[in-house]
file work06.cif (mmCIF, C-alpha atoms and all ligand atoms)
data_work
#
loop_
_atom_site.label_atom_id
_atom_site.label_comp_id
_atom_site.auth_asym_id
_atom_site.auth_seq_id
_atom_site.Cartn_x
_atom_site.Cartn_y
_atom_site.Cartn_z
CA MET A 16 -6.71 8.28 24.00
CA ILE A 17 -7.02 9.27 20.33
CA ARG A 18 -7.51 13.02 19.86
CA LEU A 19 -9.37 13.68 16.60
CA LYS A 20 -8.62 16.90 14.66
CA GLY A 21 -10.98 19.60 13.41
CA PRO A 22 -10.68 21.54 10.13
CA GLU A 23 -8.51 24.31 11.65
CA ASP A 24 -6.19 21.76 13.22
CA ILE A 25 -5.84 19.91 9.93
CA GLU A 26 -5.05 23.15 8.08
CA LYS A 27 -2.24 23.89 10.54
CA ILE A 28 -0.82 20.37 10.29
CA ARG A 29 -0.95 20.80 6.50
CA GLN A 30 1.08 24.02 6.74
CA ALA A 31 3.73 22.16 8.75
CA GLY A 32 3.56 19.34 6.20
CA GLN A 33 4.09 21.65 3.23
CA ILE A 34 7.48 22.63 4.64
CA ILE A 35 8.52 18.96 4.52
CA LYS A 36 7.13 18.60 1.00
CA ALA A 37 9.23 21.58 -0.15
CA ILE A 38 12.32 20.08 1.52
CA PHE A 39 11.93 16.79 -0.35
CA GLU A 40 11.56 18.63 -3.67
CA ILE A 41 14.88 20.42 -3.10
CA LEU A 42 16.52 17.21 -1.83
CA GLN A 43 15.83 15.56 -5.22
CA GLU A 44 18.65 17.80 -6.52
CA LYS A 45 20.89 17.70 -3.45
CA VAL A 46 21.05 13.93 -2.91
CA ARG A 47 23.92 12.95 -5.20
CA PRO A 48 27.28 11.17 -5.06
CA GLY A 49 29.85 12.94 -2.87
CA VAL A 50 27.47 14.72 -0.50
CA ASP A 51 27.69 13.85 3.20
CA THR A 52 24.56 13.30 5.28
CA LEU A 53 25.43 15.98 7.87
CA SER A 54 25.36 18.68 5.19
CA LEU A 55 21.95 17.42 4.01
CA ASP A 56 20.77 17.67 7.62
CA GLY A 57 22.18 21.20 7.83
CA PHE A 58 20.12 22.23 4.81
CA ILE A 59 16.98 20.63 6.32
CA ASP A 60 17.54 22.32 9.70
CA ASP A 61 18.10 25.77 8.11
CA PHE A 62 15.12 25.43 5.77
CA ILE A 63 12.77 24.55 8.65
CA GLN A 64 14.02 27.39 10.86
CA SER A 65 13.81 29.93 8.03
CA HIS A 66 10.09 29.07 7.81
CA ASN A 67 9.62 29.95 11.48
CA ALA A 68 9.18 26.31 12.32
CA ARG A 69 11.12 23.82 14.43
CA PRO A 70 12.66 20.45 13.55
CA ALA A 71 10.50 18.15 15.66
CA PHE A 72 13.02 15.32 15.98
CA LYS A 73 15.80 17.47 17.44
CA ASP A 74 16.14 16.74 21.18
CA TYR A 75 13.23 14.29 20.99
CA MET A 76 14.32 11.60 23.48
CA GLY A 77 17.83 13.03 23.08
CA TYR A 78 17.96 12.69 19.27
CA PRO A 79 20.80 14.96 18.04
CA ALA A 80 19.71 16.12 14.54
CA ALA A 81 16.88 17.69 12.53
CA SER A 82 16.42 14.64 10.33
CA CYS A 83 17.07 10.91 10.28
CA ILE A 84 19.14 9.85 7.26
CA SER A 85 19.41 6.10 6.77
CA VAL A 86 21.66 4.69 4.02
CA ASN A 87 21.28 1.22 2.41
CA GLU A 88 21.04 -1.40 5.22
CA GLU A 89 20.09 1.31 7.70
CA VAL A 90 16.32 1.09 8.18
CA VAL A 91 15.49 4.23 10.19
CA HIS A 92 17.00 6.66 12.73
CA GLY A 93 20.36 7.01 10.97
CA ILE A 94 22.22 9.93 12.53
CA PRO A 95 23.57 12.45 9.99
CA SER A 96 27.37 12.49 9.89
CA GLN A 97 30.13 14.24 7.99
CA ASP A 98 31.77 10.82 7.58
CA LYS A 99 28.79 9.35 5.73
CA VAL A 100 29.43 10.33 2.13
CA LEU A 101 26.86 9.16 -0.42
CA LYS A 102 28.01 7.16 -3.42
CA GLU A 103 26.48 6.05 -6.69
CA GLY A 104 23.95 3.24 -6.16
CA ASP A 105 23.12 4.04 -2.53
CA ILE A 106 19.50 4.32 -1.43
CA VAL A 107 18.91 6.95 1.23
CA GLY A 108 15.85 7.26 3.47
CA ILE A 109 15.34 10.78 4.80
CA ASP A 110 12.79 11.29 7.57
CA VAL A 111 11.73 14.80 8.64
CA GLY A 112 9.38 16.07 11.38
CA VAL A 113 8.25 19.70 11.56
CA GLU A 114 6.48 21.61 14.32
CA LEU A 115 4.78 24.85 13.27
CA GLY A 116 2.81 26.83 15.83
CA GLY A 117 2.25 23.78 18.01
CA TYR A 118 1.22 21.46 15.15
CA TYR A 119 3.27 18.51 13.88
CA ALA A 120 3.75 16.78 10.55
CA ASP A 121 6.03 13.85 9.73
CA ALA A 122 7.17 12.39 6.40
CA ALA A 123 9.92 10.29 4.85
CA TYR A 124 11.21 9.60 1.33
CA THR A 125 13.83 7.21 -0.03
CA PHE A 126 16.10 8.69 -2.71
CA GLY A 127 18.31 6.81 -5.13
CA VAL A 128 21.85 8.17 -5.55
CA GLY A 129 22.73 8.25 -9.24
CA PHE A 130 22.25 4.88 -10.95
CA VAL A 131 20.43 2.44 -8.67
CA SER A 132 20.24 -1.31 -9.35
CA GLU A 133 17.05 -2.88 -10.71
CA GLU A 134 16.57 -4.85 -7.47
CA ASP A 135 16.92 -1.73 -5.29
CA ARG A 136 14.49 0.17 -7.56
CA ARG A 137 11.99 -2.67 -7.06
CA LEU A 138 12.42 -2.41 -3.28
CA MET A 139 11.82 1.35 -3.32
CA GLU A 140 8.84 0.98 -5.65
CA ALA A 141 7.20 -1.74 -3.56
CA THR A 142 7.60 0.39 -0.43
CA TYR A 143 6.14 3.47 -2.13
CA ASN A 144 3.28 1.41 -3.56
CA ALA A 145 2.57 0.01 -0.08
CA LEU A 146 2.26 3.58 1.26
CA MET A 147 0.02 4.74 -1.57
CA ASN A 148 -2.17 1.62 -1.44
CA ALA A 149 -2.54 2.20 2.31
CA ILE A 150 -3.55 5.84 1.79
CA ASN A 151 -6.11 4.74 -0.79
CA LYS A 152 -7.40 2.04 1.57
CA ALA A 153 -7.83 4.69 4.30
CA LYS A 154 -10.79 6.12 2.30
CA THR A 155 -12.92 3.10 3.18
CA ALA A 156 -11.04 1.43 6.04
CA ARG A 157 -12.95 1.03 9.31
CA TYR A 158 -10.06 -0.24 11.41
CA ILE A 159 -6.36 0.53 11.48
CA GLY A 160 -5.78 -3.18 10.77
CA ASP A 161 -7.39 -2.71 7.33
CA ILE A 162 -4.58 -0.27 6.50
CA SER A 163 -1.89 -2.43 8.11
CA TYR A 164 -3.00 -5.48 6.13
CA THR A 165 -2.88 -3.54 2.83
CA ILE A 166 0.74 -2.55 3.50
CA GLN A 167 1.84 -6.07 4.44
CA ARG A 168 0.10 -7.66 1.47
CA THR A 169 1.59 -5.18 -1.03
CA VAL A 170 5.09 -5.71 0.33
CA GLU A 171 4.98 -9.49 0.63
CA LYS A 172 3.44 -9.94 -2.83
CA ALA A 173 6.50 -8.13 -4.18
CA GLY A 174 8.76 -10.58 -2.30
CA PHE A 175 10.00 -8.23 0.43
CA SER A 176 9.42 -8.07 4.20
CA VAL A 177 7.92 -5.47 6.56
CA VAL A 178 9.73 -4.32 9.67
CA ARG A 179 7.80 -5.25 12.84
CA ASP A 180 9.72 -3.30 15.50
CA PHE A 181 8.86 0.23 14.27
CA ILE A 182 5.43 1.44 13.22
CA GLY A 183 3.32 4.40 12.08
CA HIS A 184 1.41 6.54 14.53
CA GLY A 185 -1.08 9.30 15.22
CA VAL A 186 0.41 12.78 14.74
CA GLY A 187 -0.63 16.46 14.86
CA PHE A 188 -0.78 17.76 18.42
CA GLU A 189 2.44 15.85 19.14
CA ILE A 190 4.99 14.06 16.97
CA HIS A 191 3.83 10.65 18.22
CA GLU A 192 0.27 10.06 19.42
CA PRO A 193 -2.11 7.11 19.53
CA PRO A 194 -3.17 5.16 17.56
CA ALA A 195 -0.42 2.69 16.68
CA VAL A 196 -0.31 2.09 12.91
CA PRO A 197 1.63 -1.15 12.32
CA ASN A 198 2.78 -2.13 8.84
CA TYR A 199 1.47 -5.68 9.30
CA GLY A 200 -1.75 -7.13 10.66
CA ARG A 201 -5.24 -8.42 9.96
CA PRO A 202 -8.29 -6.55 8.63
CA GLY A 203 -10.87 -5.66 11.28
CA THR A 204 -8.29 -5.38 14.09
CA GLY A 205 -6.74 -2.41 15.89
CA ASP A 206 -8.29 0.96 16.63
CA ARG A 207 -11.49 2.04 14.91
CA ILE A 208 -11.13 4.84 12.32
CA LYS A 209 -13.24 7.99 12.74
CA PRO A 210 -13.39 11.21 10.66
CA GLY A 211 -10.76 13.66 11.91
CA LEU A 212 -8.13 10.98 12.46
CA VAL A 213 -4.65 12.19 11.49
CA ILE A 214 -1.95 9.53 11.17
CA ALA A 215 1.55 9.05 9.82
CA ILE A 216 1.70 5.89 7.70
CA GLU A 217 5.29 4.74 7.28
CA PRO A 218 6.15 1.37 5.77
CA MET A 219 9.76 0.27 6.41
CA VAL A 220 10.53 -2.54 3.99
CA ASN A 221 13.53 -4.87 3.92
CA ALA A 222 14.92 -6.74 0.92
CA GLY A 223 15.64 -9.79 3.12
CA THR A 224 14.62 -10.60 6.67
CA TRP A 225 12.27 -8.28 8.58
CA GLU A 226 14.54 -8.53 11.62
CA VAL A 227 16.56 -5.49 12.65
CA ASP A 228 19.08 -4.49 15.29
CA ILE A 229 19.96 -1.20 16.93
CA ASP A 230 23.50 0.19 16.86
CA LYS A 231 25.24 -0.63 20.14
CA ASP A 232 27.28 2.58 20.19
CA ASP A 233 24.92 5.36 19.07
CA LYS A 234 21.78 3.55 20.38
CA TRP A 235 19.75 4.98 17.47
CA THR A 236 20.69 3.58 14.07
CA VAL A 237 18.42 0.68 13.11
CA ARG A 238 19.92 -1.79 10.61
CA THR A 239 18.63 -4.92 8.91
CA LYS A 240 19.93 -8.02 10.68
CA ASP A 241 21.14 -9.53 7.39
CA ARG A 242 22.57 -6.15 6.22
CA LYS A 243 20.47 -6.25 3.06
CA LYS A 244 18.91 -2.96 1.98
CA SER A 245 15.80 -1.27 3.35
CA ALA A 246 13.44 1.49 2.12
CA HIS A 247 11.09 3.87 3.96
CA TYR A 248 8.34 6.24 2.82
CA GLU A 249 5.97 8.17 5.07
CA HIS A 250 3.08 10.60 4.70
CA THR A 251 0.94 12.39 7.27
CA ILE A 252 -2.71 12.05 6.22
CA ALA A 253 -6.10 13.25 7.49
CA ILE A 254 -9.03 10.86 7.20
CA LEU A 255 -12.35 12.72 6.81
CA GLU A 256 -15.94 11.64 6.22
CA LYS A 257 -15.68 11.48 2.42
CA GLU A 258 -12.01 11.91 1.59
CA VAL A 259 -8.42 11.40 2.63
CA ILE A 260 -6.06 14.38 2.45
CA ILE A 261 -2.27 13.96 2.17
CA LEU A 262 -0.83 16.72 4.36
CA THR A 263 2.85 16.28 3.46
N1 LIG B 301 11.21 8.51 12.24
C1 LIG B 301 10.31 8.50 13.34
C2 LIG B 301 8.92 8.62 12.86
O1 LIG B 301 8.68 8.83 11.70
C3 LIG B 301 10.58 9.60 14.26
C4 LIG B 301 11.98 9.79 14.52
S1 LIG B 301 12.09 10.08 16.14
C5 LIG B 301 13.62 10.62 16.42
O2 LIG B 301 8.00 8.46 13.62
F1 LIG B 301 13.78 10.49 17.68
F2 LIG B 301 14.46 9.94 15.74
F3 LIG B 301 13.69 11.85 16.10
CO CO B 302 6.67 8.91 11.81
#

call {"tool": "encode", "arguments": {"input": "work06.cif", "output": "structure tokens", "more": "lines below"}}
Ligand code: MF3
Ligand code: CO
result
Amino acid sequence: MIRLKGPEDIEKIRQAGQIIKAIFEILQEKVRPGVDTLSLDGFIDDFIQSHNARPAFKDYMGYPAASCISVNEEVVHGIPSQDKVLKEGDIVGIDVGVELGGYYADAAYTFGVGFVSEEDRRLMEATYNALMNAINKAKTARYIGDISYTIQRTVEKAGFSVVRDFIGHGVGFEIHEPPAVPNYGRPGTGDRIKPGLVIAIEPMVNAGTWEVDIDKDDKWTVRTKDRKKSAHYEHTIAILEKEVIILT
């Protein structure tokens, strides 16, 4: 069942979301060659807790960290590690969930480390454009499939592929709620959109094949099957009668 949100709910989700926004602004400076992903996670964890909030991913289904940090061919759910040291030319997806006073927000951003190749820049740009086109589409969309189709079309026009095995979702009262928000699909399909719907839209886009596999040892890290690179951006948004508000 989809639980729509009222104005007070949306304000509280926005407050959780602003913590993530502030984290990404600081990460613009911190993501550079030589830094390991565990120390980035430590910063994220401390920042969230110092704002009297809680990292929503930690202990979720046994997940061990505050953030997911996915480098290059890692698509999502990369586990921060001291052994993962960033180097020039890497692209790094950082995904953060925050719970503040019982309300949840979720967002992700892909950072380039130092000089990033033209092709990788194009991948990041296409993924970001897919997210922003989807948010714009949400102003008039009547079905989730209208949003899904916009993402898929933007990505495939640019010559890249959308991941099928992981999708966006409702968010707010919990970290993951209905409805499902796939990054592929047909207009006029999926759940109907009503004012008060709060969703996390999160295109995961691969340079090569859309197929992925999950690390056999840690059971979390998702990688592209062909080991080509992948990018990920995510915003939590509220869809209202006359406008769409980005909460993160
Ligand atoms: N990245 C996922 C999302 O945006 C959530 C991560 S769940 C965790 O929906 F278990 F990895 F924490
Ligand atoms: Co999400």

call {"tool": "atom_distance", "arguments": {"input": "work06.cif", "atom1": "CA of Gly93 in chain A", "atom2": "CA of Val237 in chain A"}}
result
7.0 Å

call {"tool": "closest_atom_pairs", "arguments": {"input": "work06.cif", "of": "chain A", "to": "ligand CO 302 (chain B)", "cutoff": "7 Å", "atoms": "only C-alpha atoms and all ligand atoms", "output": "JSON lines"}}
result
{"residue": "A:Asp121", "atom": "CA", "partner": "B:CO302", "partner_atom": "CO", "distance": 5.4}
{"residue": "A:Ala122", "atom": "CA", "partner": "B:CO302", "partner_atom": "CO", "distance": 6.5}
{"residue": "A:Gly183", "atom": "CA", "partner": "B:CO302", "partner_atom": "CO", "distance": 5.6}
{"residue": "A:His184", "atom": "CA", "partner": "B:CO302", "partner_atom": "CO", "distance": 6.4}
{"residue": "A:Ala215", "atom": "CA", "partner": "B:CO302", "partner_atom": "CO", "distance": 5.5}
{"residue": "A:Glu217", "atom": "CA", "partner": "B:CO302", "partner_atom": "CO", "distance": 6.3}
{"residue": "A:Glu249", "atom": "CA", "partner": "B:CO302", "partner_atom": "CO", "distance": 6.8}

call {"tool": "residues_near_ligand", "arguments": {"input": "work06.cif", "ligand": "ligand LIG 301 (chain B)", "cutoff": "9 Å", "atoms": "all atoms listed in the file", "output": "PyMOL selection string"}}
result
chain A and resi 71-83+91-94+109-112+121-123+181-184+186+190-191+215-217+235+249

call {"tool": "write_last_selection", "arguments": {"input": "work06.cif", "atoms": "C-alpha atoms", "output": "PDB file, in the frame of the given file"}}
result
ATOM      1  CA  ALA A  71      10.500  18.150  15.660  1.00  0.00           C
ATOM      2  CA  PHE A  72      13.020  15.320  15.980  1.00  0.00           C
ATOM      3  CA  LYS A  73      15.800  17.470  17.440  1.00  0.00           C
ATOM      4  CA  ASP A  74      16.140  16.740  21.180  1.00  0.00           C
ATOM      5  CA  TYR A  75      13.230  14.290  20.990  1.00  0.00           C
ATOM      6  CA  MET A  76      14.320  11.600  23.480  1.00  0.00           C
ATOM      7  CA  GLY A  77      17.830  13.030  23.080  1.00  0.00           C
ATOM      8  CA  TYR A  78      17.960  12.690  19.270  1.00  0.00           C
ATOM      9  CA  PRO A  79      20.800  14.960  18.040  1.00  0.00           C
ATOM     10  CA  ALA A  80      19.710  16.120  14.540  1.00  0.00           C
ATOM     11  CA  ALA A  81      16.880  17.690  12.530  1.00  0.00           C
ATOM     12  CA  SER A  82      16.420  14.640  10.330  1.00  0.00           C
ATOM     13  CA  CYS A  83      17.070  10.910  10.280  1.00  0.00           C
ATOM     14  CA  VAL A  91      15.490   4.230  10.190  1.00  0.00           C
ATOM     15  CA  HIS A  92      17.000   6.660  12.730  1.00  0.00           C
ATOM     16  CA  GLY A  93      20.360   7.010  10.970  1.00  0.00           C
ATOM     17  CA  ILE A  94      22.220   9.930  12.530  1.00  0.00           C
ATOM     18  CA  ILE A 109      15.340  10.780   4.800  1.00  0.00           C
ATOM     19  CA  ASP A 110      12.790  11.290   7.570  1.00  0.00           C
ATOM     20  CA  VAL A 111      11.730  14.800   8.640  1.00  0.00           C
ATOM     21  CA  GLY A 112       9.380  16.070  11.380  1.00  0.00           C
ATOM     22  CA  ASP A 121       6.030  13.850   9.730  1.00  0.00           C
ATOM     23  CA  ALA A 122       7.170  12.390   6.400  1.00  0.00           C
ATOM     24  CA  ALA A 123       9.920  10.290   4.850  1.00  0.00           C
ATOM     25  CA  PHE A 181       8.860   0.230  14.270  1.00  0.00           C
ATOM     26  CA  ILE A 182       5.430   1.440  13.220  1.00  0.00           C
ATOM     27  CA  GLY A 183       3.320   4.400  12.080  1.00  0.00           C
ATOM     28  CA  HIS A 184       1.410   6.540  14.530  1.00  0.00           C
ATOM     29  CA  VAL A 186       0.410  12.780  14.740  1.00  0.00           C
ATOM     30  CA  ILE A 190       4.990  14.060  16.970  1.00  0.00           C
ATOM     31  CA  HIS A 191       3.830  10.650  18.220  1.00  0.00           C
ATOM     32  CA  ALA A 215       1.550   9.050   9.820  1.00  0.00           C
ATOM     33  CA  ILE A 216       1.700   5.890   7.700  1.00  0.00           C
ATOM     34  CA  GLU A 217       5.290   4.740   7.280  1.00  0.00           C
ATOM     35  CA  TRP A 235      19.750   4.980  17.470  1.00  0.00           C
ATOM     36  CA  GLU A 249       5.970   8.170   5.070  1.00  0.00           C
TER      37      GLU A 249
END

call {"tool": "closest_atom_pairs", "arguments": {"input": "work06.cif", "of": "range 35-151 of chain A", "to": "range 240-244 of chain A", "cutoff": "9 Å", "atoms": "all atoms listed in the file", "output": "JSON lines"}}
result
{"residue": "A:Val86", "atom": "CA", "partner": "A:Lys244", "partner_atom": "CA", "distance": 8.4}
{"residue": "A:Asn87", "atom": "CA", "partner": "A:Lys244", "partner_atom": "CA", "distance": 4.8}
{"residue": "A:Glu88", "atom": "CA", "partner": "A:Lys244", "partner_atom": "CA", "distance": 4.2}
{"residue": "A:Glu89", "atom": "CA", "partner": "A:Lys244", "partner_atom": "CA", "distance": 7.2}
{"residue": "A:Val90", "atom": "CA", "partner": "A:Lys244", "partner_atom": "CA", "distance": 7.8}
{"residue": "A:Ile106", "atom": "CA", "partner": "A:Lys244", "partner_atom": "CA", "distance": 8.1}
{"residue": "A:Asp135", "atom": "CA", "partner": "A:Lys244", "partner_atom": "CA", "distance": 7.6}
{"residue": "A:Leu138", "atom": "CA", "partner": "A:Lys244", "partner_atom": "CA", "distance": 8.4}

call {"tool": "axis_aligned_box", "arguments": {"input": "work06.cif", "around": "range 65-72 of chain A", "padding_each_side": "8 Å", "output": "AutoDock Vina command-line options"}}
result
--center_x 11.5 --center_y 22.6 --center_z 11.9 --size_x 20.6 --size_y 30.6 --size_z 24.2

call {"tool": "atom_distance", "arguments": {"input": "work06.cif", "atom1": "CA of Arg69 in chain A", "atom2": "CA of Leu115 in chain A"}}
result
6.5 Å

call {"tool": "closest_residue", "arguments": {"input": "work06.cif", "among": "A:Gly211, A:Pro193, A:Gly57, A:Pro218", "to": "Asp180 in chain A", "atoms": "all atoms listed in the file"}}
result
A:Pro218

call {"tool": "closest_residue", "arguments": {"input": "work06.cif", "among": "A:Tyr124, A:Tyr248, A:Tyr119, A:Tyr143", "to": "Lys27 in chain A", "atoms": "only C-alpha atoms"}}
result
A:Tyr119

call {"tool": "atom_distance", "arguments": {"input": "work06.cif", "atom1": "CA of Pro197 in chain A", "atom2": "CA of Ala156 in chain A"}}
result
14.4 Å

call {"tool": "residues_near_point", "arguments": {"input": "work06.cif", "point": "(11.3, -9.3, 12.3)", "cutoff": "6 Å", "atoms": "only C-alpha atoms", "output": "NGL selection string"}}
result
:A and (178-179 or 225-226)

call {"tool": "closest_residue", "arguments": {"input": "work06.cif", "among": "A:Lys102, A:Lys45, A:Lys234, A:Lys20", "to": "Tyr118 in chain A", "atoms": "all atoms listed in the file"}}
result
A:Lys20

call {"tool": "closest_residue", "arguments": {"input": "work06.cif", "among": "A:Lys99, A:Arg168, A:Lys36, A:Lys209", "to": "Val259 in chain A", "atoms": "all atoms listed in the file"}}
result
A:Lys209

call {"tool": "closest_residue", "arguments": {"input": "work06.cif", "among": "A:Leu212, A:Ile41, A:Met16, A:Val100", "to": "Ser54 in chain A", "atoms": "all atoms listed in the file"}}
result
A:Val100

call {"tool": "decode", "arguments": {"input": "work06.cif", "residues": "range 72-98 of chain A", "atoms": "N, CA and C atoms", "output": "compact mmCIF listing (two decimals), in the first residue's frame"}}
result
# COMPACT_ATOMS: atom_id res chain seq x y z
N PHE A 72 21.13 3.39 6.42
CA PHE A 72 21.56 2.12 5.82
C PHE A 72 22.20 1.19 6.86
N LYS A 73 22.80 1.79 7.91
CA LYS A 73 23.56 0.98 8.86
C LYS A 73 22.63 -0.03 9.54
N ASP A 74 23.01 -1.29 9.49
CA ASP A 74 22.25 -2.42 10.04
C ASP A 74 20.99 -2.76 9.25
N TYR A 75 20.74 -2.02 8.16
CA TYR A 75 19.59 -2.37 7.32
C TYR A 75 19.90 -3.67 6.59
N MET A 76 19.15 -4.72 6.89
CA MET A 76 19.41 -6.06 6.36
C MET A 76 20.87 -6.49 6.58
N GLY A 77 21.44 -6.01 7.68
CA GLY A 77 22.81 -6.39 8.02
C GLY A 77 23.89 -5.57 7.35
N TYR A 78 23.52 -4.49 6.65
CA TYR A 78 24.53 -3.66 5.96
C TYR A 78 25.44 -3.01 7.00
N PRO A 79 26.78 -3.05 6.79
CA PRO A 79 27.72 -2.68 7.86
C PRO A 79 28.15 -1.22 7.92
N ALA A 80 27.71 -0.33 7.03
CA ALA A 80 28.26 1.04 7.02
C ALA A 80 27.17 2.09 6.92
N ALA A 81 27.58 3.36 7.03
CA ALA A 81 26.62 4.48 6.93
C ALA A 81 26.26 4.78 5.49
N SER A 82 27.21 4.50 4.59
CA SER A 82 27.00 4.83 3.18
C SER A 82 27.38 3.64 2.31
N CYS A 83 26.94 3.70 1.05
CA CYS A 83 27.44 2.76 0.05
C CYS A 83 28.37 3.56 -0.86
N ILE A 84 29.59 3.06 -1.08
CA ILE A 84 30.55 3.77 -1.92
C ILE A 84 31.03 2.81 -3.00
N SER A 85 30.66 3.11 -4.24
CA SER A 85 30.83 2.17 -5.35
C SER A 85 31.75 2.79 -6.39
N VAL A 86 32.91 2.16 -6.61
CA VAL A 86 33.97 2.72 -7.46
C VAL A 86 33.97 2.05 -8.84
N ASN A 87 33.98 2.86 -9.90
CA ASN A 87 34.15 2.39 -11.29
C ASN A 87 33.12 1.33 -11.67
N GLU A 88 33.56 0.03 -11.81
CA GLU A 88 32.63 -1.01 -12.28
C GLU A 88 31.64 -1.44 -11.19
N GLU A 89 31.82 -0.93 -9.98
CA GLU A 89 30.84 -1.20 -8.93
C GLU A 89 29.62 -0.31 -9.18
N VAL A 90 28.45 -0.94 -9.19
CA VAL A 90 27.22 -0.23 -9.57
C VAL A 90 26.59 0.41 -8.34
N VAL A 91 26.31 -0.38 -7.33
CA VAL A 91 25.76 0.10 -6.06
C VAL A 91 26.21 -0.85 -4.94
N HIS A 92 25.96 -0.43 -3.70
CA HIS A 92 26.16 -1.24 -2.49
C HIS A 92 27.61 -1.63 -2.26
N GLY A 93 28.55 -0.80 -2.77
CA GLY A 93 29.96 -1.00 -2.42
C GLY A 93 30.16 -0.72 -0.94
N ILE A 94 30.88 -1.62 -0.27
CA ILE A 94 31.11 -1.47 1.17
C ILE A 94 32.39 -0.67 1.38
N PRO A 95 32.32 0.43 2.14
CA PRO A 95 33.52 1.24 2.39
C PRO A 95 34.62 0.39 3.00
N SER A 96 35.85 0.65 2.58
CA SER A 96 37.00 -0.13 3.06
C SER A 96 38.26 0.73 3.05
N GLN A 97 39.09 0.47 4.05
CA GLN A 97 40.38 1.16 4.16
C GLN A 97 41.29 0.80 2.98
N ASP A 98 41.06 -0.39 2.41
CA ASP A 98 41.89 -0.87 1.31
C ASP A 98 41.49 -0.28 -0.04
